[in-house]
Each structure stands twice: as structure tokens, then as C-alpha cells.
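Source file: structure-v2.csv. Holds: CSV, C-alpha atoms.
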chain,number,residue,atom,x,y,z
B,221,MET,CA,5.1,9.7,1.1
B,222,ARG,CA,2.2,8.8,-1.1
B,223,ARG,CA,4.4,8.7,-4.2
B,224,ALA,CA,6.9,6.6,-2.4
B,225,MET,CA,4.3,4.1,-1.4
B,226,ARG,CA,2.9,4.0,-5.0
B,227,ARG,CA,6.3,3.3,-6.5
B,228,GLY,CA,7.7,1.1,-3.8
B,229,ARG,CA,6.5,-2.2,-5.3
B,230,ARG,CA,7.7,-1.5,-8.8
B,231,ARG,CA,10.9,-3.0,-10.1
B,232,GLY,CA,13.2,-1.7,-12.8
B,233,VAL,CA,13.8,-4.1,-15.7
B,234,PRO,CA,16.4,-4.2,-18.5
B,235,LEU,CA,15.8,-2.9,-21.9
B,236,ILE,CA,14.5,-5.2,-24.6
B,237,ALA,CA,17.0,-7.9,-25.6
B,238,GLY,CA,14.8,-9.8,-28.1
B,239,ILE,CA,11.5,-11.4,-28.8
B,240,ALA,CA,10.5,-15.1,-28.9
B,241,VAL,CA,7.2,-17.0,-28.7
B,242,ALA,CA,6.7,-20.5,-27.4
B,243,ALA,CA,3.7,-22.7,-27.0
B,244,VAL,CA,3.4,-24.4,-23.6
B,245,SER,CA,1.2,-26.9,-22.0
B,246,ALA,CA,0.7,-25.2,-18.5
B,247,CYS,CA,2.7,-24.4,-15.4
B,248,GLY,CA,-0.1,-25.0,-13.0
B,249,GLY,CA,-3.8,-25.4,-12.9
B,250,GLY,CA,-5.7,-27.1,-10.2
B,251,HIS,CA,-7.0,-26.7,-6.6
B,252,ALA,CA,-10.6,-26.7,-8.0
B,253,GLY,CA,-13.1,-26.5,-5.3
B,254,ALA,CA,-10.8,-25.1,-2.6
B,255,ARG,CA,-11.9,-22.0,-0.7
B,256,ALA,CA,-10.1,-18.8,0.1
B,257,GLY,CA,-12.3,-17.8,3.1
B,258,ASP,CA,-15.7,-18.0,4.7
B,259,ASP,CA,-17.6,-16.8,1.6
B,260,VAL,CA,-15.1,-15.7,-0.9
B,261,GLY,CA,-16.1,-18.5,-3.3
B,262,PRO,CA,-14.5,-21.7,-4.6
B,263,VAL,CA,-11.3,-21.7,-6.5
B,264,LYS,CA,-12.1,-22.5,-10.1
B,265,TRP,CA,-8.5,-22.8,-11.2
B,266,SER,CA,-5.0,-21.6,-10.3
B,267,TRP,CA,-1.7,-21.1,-12.2
B,268,HIS,CA,1.7,-20.9,-10.6
B,269,ALA,CA,4.3,-18.6,-12.1
B,270,PRO,CA,7.9,-20.0,-12.3
B,271,ARG,CA,9.6,-19.0,-9.1
B,272,PRO,CA,10.5,-16.3,-8.2
B,273,ALA,CA,8.5,-14.4,-10.9
B,274,SER,CA,5.7,-12.1,-9.9
B,275,VAL,CA,2.4,-12.2,-11.8
B,276,GLY,CA,1.2,-8.9,-13.2
B,277,MET,CA,-2.3,-7.4,-13.1
B,278,PRO,CA,-4.7,-9.7,-15.0
B,279,VAL,CA,-7.5,-9.0,-17.6
B,280,ALA,CA,-10.4,-11.3,-18.5
B,281,ASP,CA,-13.2,-11.5,-21.1
B,282,ALA,CA,-15.7,-14.2,-22.1
B,283,THR,CA,-13.1,-16.4,-23.9
B,284,GLY,CA,-10.1,-16.2,-21.6
B,285,ALA,CA,-7.6,-14.1,-19.5
B,286,ALA,CA,-4.1,-12.7,-19.8
B,287,ALA,CA,-1.4,-11.5,-17.5
B,288,THR,CA,2.4,-10.9,-17.6
B,289,TYR,CA,4.9,-12.5,-15.3
B,290,GLY,CA,8.5,-11.8,-14.5
B,291,HIS,CA,8.7,-8.7,-16.6
B,292,GLN,CA,9.4,-11.0,-19.5
B,293,PHE,CA,6.4,-13.0,-20.5
B,294,LEU,CA,2.8,-12.5,-21.6
B,295,VAL,CA,0.5,-15.5,-21.0
B,296,LEU,CA,-2.9,-16.2,-22.5
B,297,PHE,CA,-5.3,-18.5,-20.6
B,298,GLY,CA,-8.5,-20.3,-21.6
B,299,PRO,CA,-11.6,-19.9,-19.5
B,300,ASP,CA,-10.6,-23.1,-17.6
B,301,GLY,CA,-7.1,-21.7,-16.8
B,302,ALA,CA,-5.3,-23.8,-19.4
B,303,VAL,CA,-2.3,-21.9,-20.9
B,304,ARG,CA,-2.9,-21.3,-24.6
B,305,TRP,CA,0.5,-19.7,-25.2
B,306,GLU,CA,3.4,-17.6,-23.8
B,307,ALA,CA,5.1,-14.8,-25.6
B,308,HIS,CA,8.5,-13.6,-24.5
B,309,ARG,CA,9.2,-9.9,-24.6
B,310,LEU,CA,11.7,-8.5,-22.2
B,311,GLY,CA,10.3,-5.4,-20.4
B,312,VAL,CA,6.6,-6.1,-20.3
B,313,ARG,CA,5.1,-4.3,-17.3
B,314,GLU,CA,2.9,-5.6,-14.5
B,315,GLU,CA,0.1,-3.3,-15.5
B,316,THR,CA,-3.1,-4.7,-17.1
B,317,PRO,CA,-3.0,-5.8,-20.8
B,318,LEU,CA,-5.8,-5.1,-23.3
B,319,LEU,CA,-7.8,-8.0,-24.8
B,320,THR,CA,-9.5,-7.7,-28.2
B,321,PRO,CA,-11.0,-10.5,-30.2
B,322,ASP,CA,-7.7,-10.7,-32.3
B,323,LEU,CA,-5.0,-9.3,-30.0
B,324,VAL,CA,-3.5,-9.1,-26.6
B,325,VAL,CA,-1.7,-5.8,-26.2
B,326,ALA,CA,0.7,-5.4,-23.3
B,327,PRO,CA,2.3,-2.3,-21.9
B,328,ALA,CA,6.1,-2.3,-21.8
B,329,ASP,CA,8.9,-0.2,-20.3
B,330,ASP,CA,9.4,1.5,-23.7
B,331,GLY,CA,6.1,1.1,-25.5
B,332,LEU,CA,3.4,-1.5,-26.5
B,333,VAL,CA,3.6,-5.0,-27.9
B,334,ALA,CA,0.6,-6.7,-29.6
B,335,VAL,CA,0.4,-10.5,-29.8
B,336,GLU,CA,-2.0,-12.3,-32.0
B,337,ARG,CA,-4.6,-14.0,-29.8
B,338,PRO,CA,-5.1,-17.2,-31.9
B,339,THR,CA,-1.4,-18.0,-32.4
B,340,GLY,CA,0.8,-16.2,-29.9
B,341,HIS,CA,2.8,-14.5,-32.6
B,342,ILE,CA,4.0,-10.9,-32.3
B,343,ARG,CA,2.0,-8.7,-34.7
B,344,TRP,CA,3.7,-5.4,-33.8
B,345,ASP,CA,6.1,-4.0,-31.2
B,346,THR,CA,5.9,-0.2,-31.0
B,347,ARG,CA,8.7,1.7,-29.2
B,348,LEU,CA,7.5,4.9,-27.6
B,349,GLY,CA,10.6,5.8,-25.7
B,350,ASP,CA,8.7,5.8,-22.5
B,351,ALA,CA,6.8,3.3,-20.2
B,352,ALA,CA,3.2,2.7,-21.3
B,353,SER,CA,0.2,2.5,-19.1
B,354,THR,CA,-2.7,0.0,-19.4
B,355,PRO,CA,-3.9,0.4,-23.0
B,356,VAL,CA,-7.6,0.8,-24.0
B,357,LEU,CA,-9.3,0.4,-27.4
B,358,ALA,CA,-11.1,3.2,-29.2
B,359,GLY,CA,-12.2,2.3,-32.7
B,360,ARG,CA,-9.2,1.6,-34.8
B,361,PHE,CA,-6.7,2.9,-32.2
B,362,VAL,CA,-5.1,1.6,-29.1
B,363,LEU,CA,-4.6,4.4,-26.6
B,364,THR,CA,-2.1,4.5,-23.8
B,365,CYS,CA,-0.5,7.1,-21.5
B,366,ALA,CA,3.3,7.5,-21.8
B,367,ASN,CA,4.4,7.8,-18.2
B,368,GLY,CA,6.6,10.8,-18.8
B,369,GLY,CA,3.6,12.9,-19.9
B,370,GLY,CA,1.9,12.0,-23.1
B,371,LEU,CA,-1.3,10.4,-24.5
B,372,VAL,CA,-0.6,8.2,-27.6
B,373,ALA,CA,-2.7,6.5,-30.2
B,374,VAL,CA,-1.4,3.7,-32.3
B,375,ASP,CA,-3.1,1.8,-35.1
B,376,VAL,CA,-4.6,-1.4,-33.8
B,377,ASP,CA,-3.6,-3.4,-36.9
B,378,THR,CA,-0.1,-2.1,-37.6
B,379,GLY,CA,1.1,-0.4,-34.4
B,380,ALA,CA,2.0,2.8,-36.3
B,381,VAL,CA,1.8,5.9,-34.1
B,382,ALA,CA,-1.2,8.0,-35.3
B,383,TRP,CA,-0.8,10.9,-32.9
B,384,ARG,CA,0.9,11.9,-29.6
B,385,VAL,CA,-0.3,14.7,-27.3
B,386,HIS,CA,1.9,16.3,-24.7
B,387,LEU,CA,0.5,16.4,-21.2
B,388,GLY,CA,1.4,18.8,-18.4
B,389,GLY,CA,2.9,16.1,-16.1
B,390,ARG,CA,3.4,12.4,-15.5
B,391,ALA,CA,0.5,10.2,-16.7
B,392,GLU,CA,0.7,6.8,-15.0
B,393,GLY,CA,-2.9,5.7,-15.2
B,394,PRO,CA,-4.9,4.3,-18.1
B,395,PRO,CA,-6.8,6.8,-20.4
B,396,ALA,CA,-10.6,6.7,-20.5
B,397,THR,CA,-12.7,6.9,-23.6
B,398,ASP,CA,-16.2,6.7,-25.0
B,399,GLY,CA,-14.7,5.9,-28.4
B,400,GLY,CA,-14.8,9.5,-29.7
B,401,THR,CA,-13.1,11.4,-26.9
B,402,ALA,CA,-10.1,10.2,-24.8
B,403,VAL,CA,-9.3,11.6,-21.4
B,404,ALA,CA,-6.0,11.3,-19.5
B,405,THR,CA,-5.2,12.6,-16.0
B,406,TRP,CA,-1.7,13.8,-15.1
B,407,GLU,CA,0.3,15.5,-12.3
B,408,PRO,CA,3.7,17.1,-12.2
B,409,ALA,CA,6.6,15.9,-10.1
B,410,GLU,CA,6.6,19.2,-8.3
B,411,GLY,CA,3.8,21.8,-7.7
B,412,SER,CA,0.1,21.7,-6.9
B,413,ARG,CA,-1.4,21.9,-10.4
B,414,ALA,CA,-2.4,18.7,-12.0
B,415,GLY,CA,-5.1,18.2,-14.7
B,416,ALA,CA,-7.4,16.2,-16.9
B,417,THR,CA,-7.0,16.6,-20.7
B,418,ALA,CA,-9.5,15.5,-23.3
B,419,VAL,CA,-8.6,14.9,-27.0
B,420,ASP,CA,-10.5,13.9,-30.1
B,421,VAL,CA,-9.7,10.3,-30.8
B,422,ALA,CA,-9.7,10.6,-34.6
B,423,THR,CA,-7.3,13.5,-34.8
B,424,GLY,CA,-5.5,13.9,-31.4
B,425,ARG,CA,-6.7,17.5,-31.3
B,426,GLU,CA,-7.0,18.8,-27.7
B,427,ARG,CA,-10.6,19.6,-26.7
B,428,TRP,CA,-10.1,20.8,-23.2
B,429,THR,CA,-7.9,20.7,-20.1
B,430,VAL,CA,-9.2,21.2,-16.6
B,431,PRO,CA,-7.0,21.7,-13.5
B,432,LEU,CA,-7.0,19.2,-10.7
B,433,ARG,CA,-5.1,19.3,-7.4
B,434,ALA,CA,-1.8,17.4,-7.4
B,435,GLY,CA,-0.7,15.1,-4.7
B,436,GLY,CA,-2.9,12.1,-5.5
B,437,VAL,CA,-4.7,12.1,-8.8
B,438,SER,CA,-6.6,9.0,-10.0
B,439,GLY,CA,-7.1,7.7,-13.5
B,440,ALA,CA,-10.3,8.8,-15.1
B,441,ALA,CA,-13.5,6.9,-15.9
B,442,VAL,CA,-16.3,7.8,-18.4
B,443,ALA,CA,-19.8,7.4,-17.1
B,444,HIS,CA,-23.1,7.7,-18.9
B,445,ALA,CA,-26.3,9.1,-17.2
B,446,ALA,CA,-29.7,8.8,-18.8
B,447,GLY,CA,-30.8,12.1,-20.2
B,448,SER,CA,-27.7,14.1,-19.2
B,449,GLY,CA,-24.9,12.6,-21.4
B,450,ALA,CA,-21.5,11.4,-20.7
B,451,PHE,CA,-19.2,12.7,-18.0
B,452,VAL,CA,-15.7,12.0,-16.7
B,453,VAL,CA,-14.9,11.3,-13.0
B,454,ALA,CA,-11.5,11.4,-11.3
B,455,VAL,CA,-10.3,11.8,-7.7
B,456,ASP,CA,-7.6,14.3,-6.7
B,457,ASP,CA,-5.8,15.7,-3.7
B,458,ASP,CA,-8.8,17.8,-2.7
B,459,LEU,CA,-10.0,14.4,-1.4
B,460,ALA,CA,-12.9,14.7,-3.8
B,461,ALA,CA,-14.3,12.9,-6.8
B,462,LYS,CA,-14.9,15.4,-9.5
B,463,ALA,CA,-17.3,15.0,-12.4
B,464,LEU,CA,-16.6,16.9,-15.7
B,465,GLU,CA,-18.9,17.1,-18.7
B,466,LEU,CA,-17.2,15.0,-21.4
B,467,GLY,CA,-17.9,17.4,-24.3
B,468,SER,CA,-16.8,20.6,-22.6
B,469,GLY,CA,-14.9,19.8,-19.4
B,470,ARG,CA,-17.4,21.8,-17.4
B,471,THR,CA,-17.5,20.8,-13.7
B,472,LEU,CA,-20.8,19.1,-12.9
B,473,TRP,CA,-20.2,18.2,-9.2
B,474,ALA,CA,-17.6,17.4,-6.6
B,475,ALA,CA,-18.2,14.8,-3.9
B,476,ARG,CA,-16.1,14.4,-0.8
B,477,VAL,CA,-14.3,11.0,-0.4
B,478,GLY,CA,-12.0,9.6,2.2
B,479,GLY,CA,-8.7,10.1,0.5
B,480,ALA,CA,-6.7,11.2,-2.5
B,481,GLY,CA,-6.6,9.2,-5.7
B,482,SER,CA,-4.1,6.8,-7.3
B,483,PRO,CA,-3.3,6.8,-11.0
B,484,GLU,CA,-3.6,3.0,-11.3
B,485,LEU,CA,-7.0,3.1,-9.7
B,486,PRO,CA,-9.6,4.8,-11.9
B,487,PRO,CA,-13.2,5.0,-10.7
B,488,LEU,CA,-15.5,2.2,-11.8
B,489,ALA,CA,-18.4,3.5,-14.1
B,490,MET,CA,-21.7,1.6,-13.6
B,491,ALA,CA,-25.2,1.5,-15.0
B,492,GLY,CA,-27.4,4.6,-14.7
B,493,GLY,CA,-24.5,7.0,-14.2
B,494,ARG,CA,-23.4,5.6,-10.9
B,495,VAL,CA,-19.7,5.6,-10.1
B,496,LEU,CA,-17.8,3.6,-7.6
B,497,VAL,CA,-14.7,5.4,-6.2
B,498,ALA,CA,-11.8,3.9,-4.4
B,499,ASP,CA,-9.5,6.3,-2.6
B,500,ARG,CA,-5.9,5.8,-1.7
B,501,LEU,CA,-6.7,4.9,1.8
B,502,GLY,CA,-8.8,1.9,0.7
B,503,GLY,CA,-12.2,3.5,1.2
B,504,LEU,CA,-15.0,2.9,-1.2
B,505,THR,CA,-17.7,5.4,-2.1
B,506,LEU,CA,-20.7,4.7,-4.5
B,507,LEU,CA,-22.0,7.9,-6.0
B,508,ASP,CA,-25.1,8.5,-8.2
B,509,ASP,CA,-25.0,10.6,-11.4
B,510,ARG,CA,-25.4,13.8,-9.4
B,511,GLY,CA,-22.6,13.1,-7.0
B,512,HIS,CA,-24.8,12.0,-4.1
B,513,ARG,CA,-23.5,9.3,-1.8
B,514,VAL,CA,-25.4,6.0,-2.2
B,515,TRP,CA,-23.1,3.8,-0.1
B,516,SER,CA,-19.6,3.9,1.4
B,517,SER,CA,-17.1,1.6,3.2
B,518,PRO,CA,-14.6,3.1,5.6
B,519,PRO,CA,-10.8,3.2,4.8
B,520,ALA,CA,-9.0,-0.2,4.9
B,521,GLY,CA,-5.9,1.4,6.2
B,522,ALA,CA,-3.6,0.9,3.2
B,523,ALA,CA,-3.0,2.5,-0.2
B,524,THR,CA,-4.4,0.8,-3.2
B,525,ARG,CA,-3.3,-0.3,-6.6
B,526,GLY,CA,-4.1,-2.8,-9.3
B,527,GLY,CA,-7.8,-2.1,-10.2
B,528,LEU,CA,-11.3,-2.3,-8.7
B,529,VAL,CA,-13.9,-4.7,-10.0
B,530,GLY,CA,-17.5,-5.7,-9.2
B,531,PRO,CA,-20.1,-6.4,-8.2
B,532,ALA,CA,-19.0,-10.0,-7.8
B,533,LEU,CA,-18.6,-12.8,-5.3
B,534,GLY,CA,-22.0,-12.3,-3.6
B,535,GLY,CA,-22.6,-8.7,-4.8
B,536,ARG,CA,-19.5,-7.1,-3.4
B,537,TYR,CA,-16.7,-5.0,-4.9
B,538,VAL,CA,-13.2,-6.4,-5.0
B,539,LEU,CA,-10.3,-4.1,-4.2
B,540,PRO,CA,-6.5,-5.0,-3.9
B,541,LEU,CA,-4.7,-3.3,-1.1
B,542,TYR,CA,-1.1,-2.2,-0.8
B,543,SER,CA,-0.8,-4.4,2.3
B,544,GLY,CA,-1.1,-7.4,0.0
B,545,ARG,CA,-4.7,-8.4,1.0
B,546,VAL,CA,-7.9,-8.3,-0.9
B,547,LEU,CA,-10.9,-6.3,0.3
B,548,LEU,CA,-14.5,-7.4,-0.4
B,549,ALA,CA,-17.3,-4.9,0.5
B,550,GLY,CA,-20.7,-3.9,-0.8
B,551,PRO,CA,-24.1,-2.5,0.1
B,552,GLY,CA,-25.7,-4.8,2.6
B,553,ARG,CA,-22.8,-7.2,2.5
B,554,ARG,CA,-20.4,-8.2,5.2
B,555,ARG,CA,-17.0,-6.6,4.7
B,556,GLN,CA,-14.2,-9.1,4.4
B,557,GLY,CA,-10.5,-9.2,3.7
B,558,PHE,CA,-8.4,-12.2,2.7
B,559,THR,CA,-4.8,-12.9,1.8
B,560,PRO,CA,-4.4,-14.6,-1.6
B,561,PRO,CA,-2.0,-17.6,-1.9
B,562,GLY,CA,1.6,-17.3,-2.9
B,563,GLY,CA,2.4,-13.6,-2.3
B,564,LEU,CA,1.0,-10.1,-2.1
B,565,VAL,CA,-2.1,-9.3,-4.2
B,566,ASN,CA,-0.9,-7.4,-7.3
B,567,GLY,CA,-4.2,-7.0,-9.3
B,568,VAL,CA,-7.7,-8.2,-9.8
B,569,ALA,CA,-10.0,-8.7,-12.9
B,570,LEU,CA,-13.6,-9.7,-13.4
B,571,ALA,CA,-14.8,-12.1,-16.1
B,572,PRO,CA,-18.3,-11.8,-17.6
B,573,ASP,CA,-19.4,-15.0,-15.8
B,574,GLY,CA,-18.6,-13.5,-12.4
B,575,VAL,CA,-15.2,-15.2,-11.9
B,576,VAL,CA,-12.7,-13.0,-10.2
B,577,LEU,CA,-9.0,-13.3,-11.0
B,578,VAL,CA,-6.4,-12.4,-8.4
B,579,SER,CA,-2.7,-12.2,-9.1
B,580,THR,CA,0.1,-12.2,-6.6
B,581,ALA,CA,3.7,-10.9,-6.5
B,582,GLN,CA,6.8,-10.7,-4.4
B,583,GLY,CA,6.1,-14.1,-2.7
B,584,ARG,CA,7.6,-17.5,-2.9
B,585,ASP,CA,4.9,-19.1,-5.0
B,586,ASN,CA,3.2,-16.3,-7.0
B,587,GLN,CA,-0.1,-17.3,-8.7
B,588,LEU,CA,-3.0,-16.3,-10.7
B,589,VAL,CA,-6.2,-17.6,-9.0
B,590,ALA,CA,-9.7,-17.7,-10.3
B,591,TYR,CA,-12.5,-17.5,-7.7
B,592,GLY,CA,-16.1,-18.3,-8.6
B,593,PRO,CA,-19.3,-17.0,-7.1
B,594,PRO,CA,-20.0,-18.6,-3.6
What is this file in C-alpha cells?
Amino acid sequence: MRRAMRRGRRRGVPLIAGIAVAAVSACGGGHAGARAGDDVGPVKWSWHAPRPASVGMPVADATGAAATYGHQFLVLFGPDGAVRWEAHRLGVREETPLLTPDLVVAPADDGLVAVERPTGHIRWDTRLGDAASTPVLAGRFVLTCANGGGLVAVDVDTGAVAWRVHLGGRAEGPPATDGGTAVATWEPAEGSRAGATAVDVATGRERWTVPLRAGGVSGAAVAHAAGSGAFVVAVDDDLAAKALELGSGRTLWAARVGGAGSPELPPLAMAGGRVLVADRLGGLTLLDDRGHRVWSSPPAGAATRGGLVGPALGGRYVLPLYSGRVLLAGPGRRRQGFTPPGGLVNGVALAPDGVVLVSTAQGRDNQLVAYGPP
């Protein structure tokens, strides 16, 4: 049932037919000052995808944002929502792209495609023979999980595959890294044994593999605690967040949470070794660096996908729900849900200035909307 829910909103897309890049003026932008709810915050800008295309999970940094739409286009936006360029690449996925100062790297049904950020021109297009997860940057490598069961590193400048490590099961979530070590979680299609595998980023050599309980395994996050080094946190079907020492894989602690994990929903590492965990039932749990519960929010009654960001919008955390709504909750803050315009929420992102981006899918007027602090 859980796997069916997780996969139910994905759509198959054709294989790549070609690549083209086009500059555009914009397909939306507006509604500045509108409000989404009582205290969600004003709408800074919005962009409407051409109907009936869905908007993929967004990403943002200090100089702009990016998202895919329609499984065919990658779009770069300026901080004001103006479209800088669109790149056409059949098969780009709805998962979150990677932003670097020079590139936008998007996962595709059969690999990764990197587009030059200043120009919108394709720099490289690497075919991996498998669907790629949200990529992350580690030094000179872009890392991604191949859904069929692999962790892959490609050269950020050329797209050449540097190494590929076989994993023990499907790997649908993004890898986590501190720059020197990369960790991927995986689980098999059948059986109860899943796991987390750590490799050396420079060589691809496996450092350790630790078993997890299959049935609902989240992506991983790397957290840093003062005086005790880095550790990895993931949620599994034990209904627990588990912390592993990054260097050795040794179990540090396990903390009970309200549900199993989801591969597209890694924990959120925070300052001081704190970790915010979202479980598959929409519950939030804030843990300190020893696994002690600091704060929690009860289940929202729906499976989750598409990221977890915060604190933002008045000190709350922002979580997309499978039901299509957005959950806002935080310590000492009123819990609130709202329905974004256009369709069902597909993903969220947080910009450094506190603006939250929300994308929608499967609606009649799918959008990317930027909400500012209230």
C-alpha cells in the first residue's frame, strides 16, 4: 500500500527524442501581494505552466530558482520570478534539480542533464540507463542515485561517469554527503532487509553498509554535532529515526517517530546537530544530537513527498502532503494547512531570503508560487 501511494502520482514519459534550448520572456508572473491564507505570507510572484503541464519539485538559491515542467522542460527563474531561459529535454523528471553557480543539473528518466546557468545551453547529457534521483554536489562530482540500485558520481564539468557503486535494492531518494563521504539508502522490492551504504567520494570505494528495515526507508541526511563529529540520519520501517556515525556506520541512537520513511523525504539537518524528521504519515519530529525529542507535530493523515524545508514563514516548517495540501507547523506556532493554487502540491523549496516556493501538479492551472515571510 505504501509503495502504491508513493508511486501513484508519477507518470511514465517517452524516451529522449532530442534536445533544444529556447529563450523566453515569461509564461506568468504576477499576483504580488495576494495571500494564500491567514498567515502564510504574501505571494511575491507566481508562474503558470502551459496547460496541462505539471510543475516539478523546485530548488532555490540566492540568485534564482529552477524547476521542470511537463517532463520536457527545465526552467530557470530570477529572484523576481522572471524566466531567464527554458531548456527542452524530453524525459526530465519532477524531482528537484541541483543548482550550482555555473550549472542547473536535472535528473531524467535515463540519467542527468546539465544546463549552463548563464546561457541555458546544454553542457552535458549523461545517460545512465536508469532514472536518476535528485543530484547533489560533492567537490568536483555530481552524485545521484540510480533508481534501480546504484550510487553514481559524474564529473561536474564534463558529465563523465567517475564511478558507480551497486546497492542492494532500489534507491529512489537523493544521496547525502559531507563532501568526503556519500551515503545512499536503499530497499529491495521484496524482503525486509534494506540498508544505508557509505562510499568514499574521491574513489567510490565502499566504506560501510548498515542494515535498515524495509517497508518505508527515507533518504539520508548528514548532520554535524559540536564535539561529536558528523552522523547520518534516516527513517525506516521500524518507525524510528536512526543515527549512524558517518565514519564507521556505528549506530549512535534510534528515536521513535510516528511512521515509516519515504525515499523522497530525507530528514532536515539543522544547526547544533538537531534533525527534523518527517514520517510518511505527515508527522514532524525535531530531535537533538542525542536523539531526544525536542518538539513534535502529530500526523497530518497523508503520506508525504517532495521535500521538507524551514524554518520559514513565521518560524514554521513547510511540508507537502500527498493529499495535495501544504502543512505549516513549528514549535510554539499555530499548525496550519493550505491548498496551493492550480493543482496539488508537488514540492517546496526555501530561498536564503526566507521565500518559500510551492509547485503544483495534476491540476488545471499548475503553478510555481513564491510566498514571502508574513
Enclosing box along x, y and z for every listed atom of range 468-478 of chain B, padded 6 Å each side, centre and size in Å, one decimal, as lines of an AutoDock Vina configuration file:
center_x = -16.4
center_y = 15.7
center_z = -10.2
size_x = 20.8
size_y = 24.2
size_z = 36.8
Point-to-point distance from CA of Ala373 in chain B to CA of Ser412 in chain B, Å rounded to tenths | 28.0 Å
Using only C-alpha atoms, pick whichever of B:Val568, B:Ala273, B:Leu588, B:Val455 has the shortest atom-to-atom distance to Thr316 in chain B.
-> B:Val568
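With CA of Ser516 in chain B on one side and CA of Ala498 in chain B on the other, the separation reads 9.7 Å.
Pairwise distance (CA of Val477 in chain B, CA of Ala416 in chain B) equals 18.6 Å.
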Using all atoms listed in the file, the shortest atom-to-atom distance to Ser438 in chain B among B:Thr378, B:Ser482, B:Thr417, B:Thr524 belongs to B:Ser482
Need the neighbours of (-9.9, -6.2, 6.9): which residues are at most 7 Å away, counting all atoms listed in the file, as an MDAnalysis selection string?
-> chainID B and resid 520 547 556:557
Rank B:Ala549, B:Arg384, B:Thr580, B:Leu533 by their smallest atom-to-atom distance to Leu506 in chain B, using only C-alpha atoms, and report the top residue only.
-> B:Ala549
Name the residues in contact with Val295 in chain B at a cut-off of 8 Å, using all atoms listed in the file, excluding same-chain residues fewer than 6 positions from it; report them as a count of residues only.
-> 9
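Residue neighbourhood of Phe451 in chain B, excluding near-sequence residues (fewer than 4 positions): Val442, Ala443, Leu464, Glu465 and Leu466 of chain B, at 6 Å, using only C-alpha atoms.
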Just the residues within 10 Å of Arg360 in chain B, please, counting all atoms listed in the file, with nothing from its chain fewer than 4 positions along; format it as a count of residues only.
-> 8
Which residue, B:Leu319, B:Ala475, B:Val325, B:Val576, has the smallest gap to Leu496 in chain B when you use only C-alpha atoms?
-> B:Ala475
Excluding same-chain residues fewer than 3 positions from Pro394 in chain B, what lies within 7 Å of it counting all atoms listed in the file, as a compact mmCIF listing (two decimals) with C-alpha atoms, keeping the file's coordinate frame?
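As a result, out_13.txt now contains:
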# COMPACT_ATOMS: atom_id res chain seq x y z
CA SER B 353 0.20 2.50 -19.10
CA THR B 354 -2.70 0.00 -19.40
CA PRO B 355 -3.90 0.40 -23.00
CA THR B 364 -2.10 4.50 -23.80
CA CYS B 365 -0.50 7.10 -21.50
CA GLY B 439 -7.10 7.70 -13.50
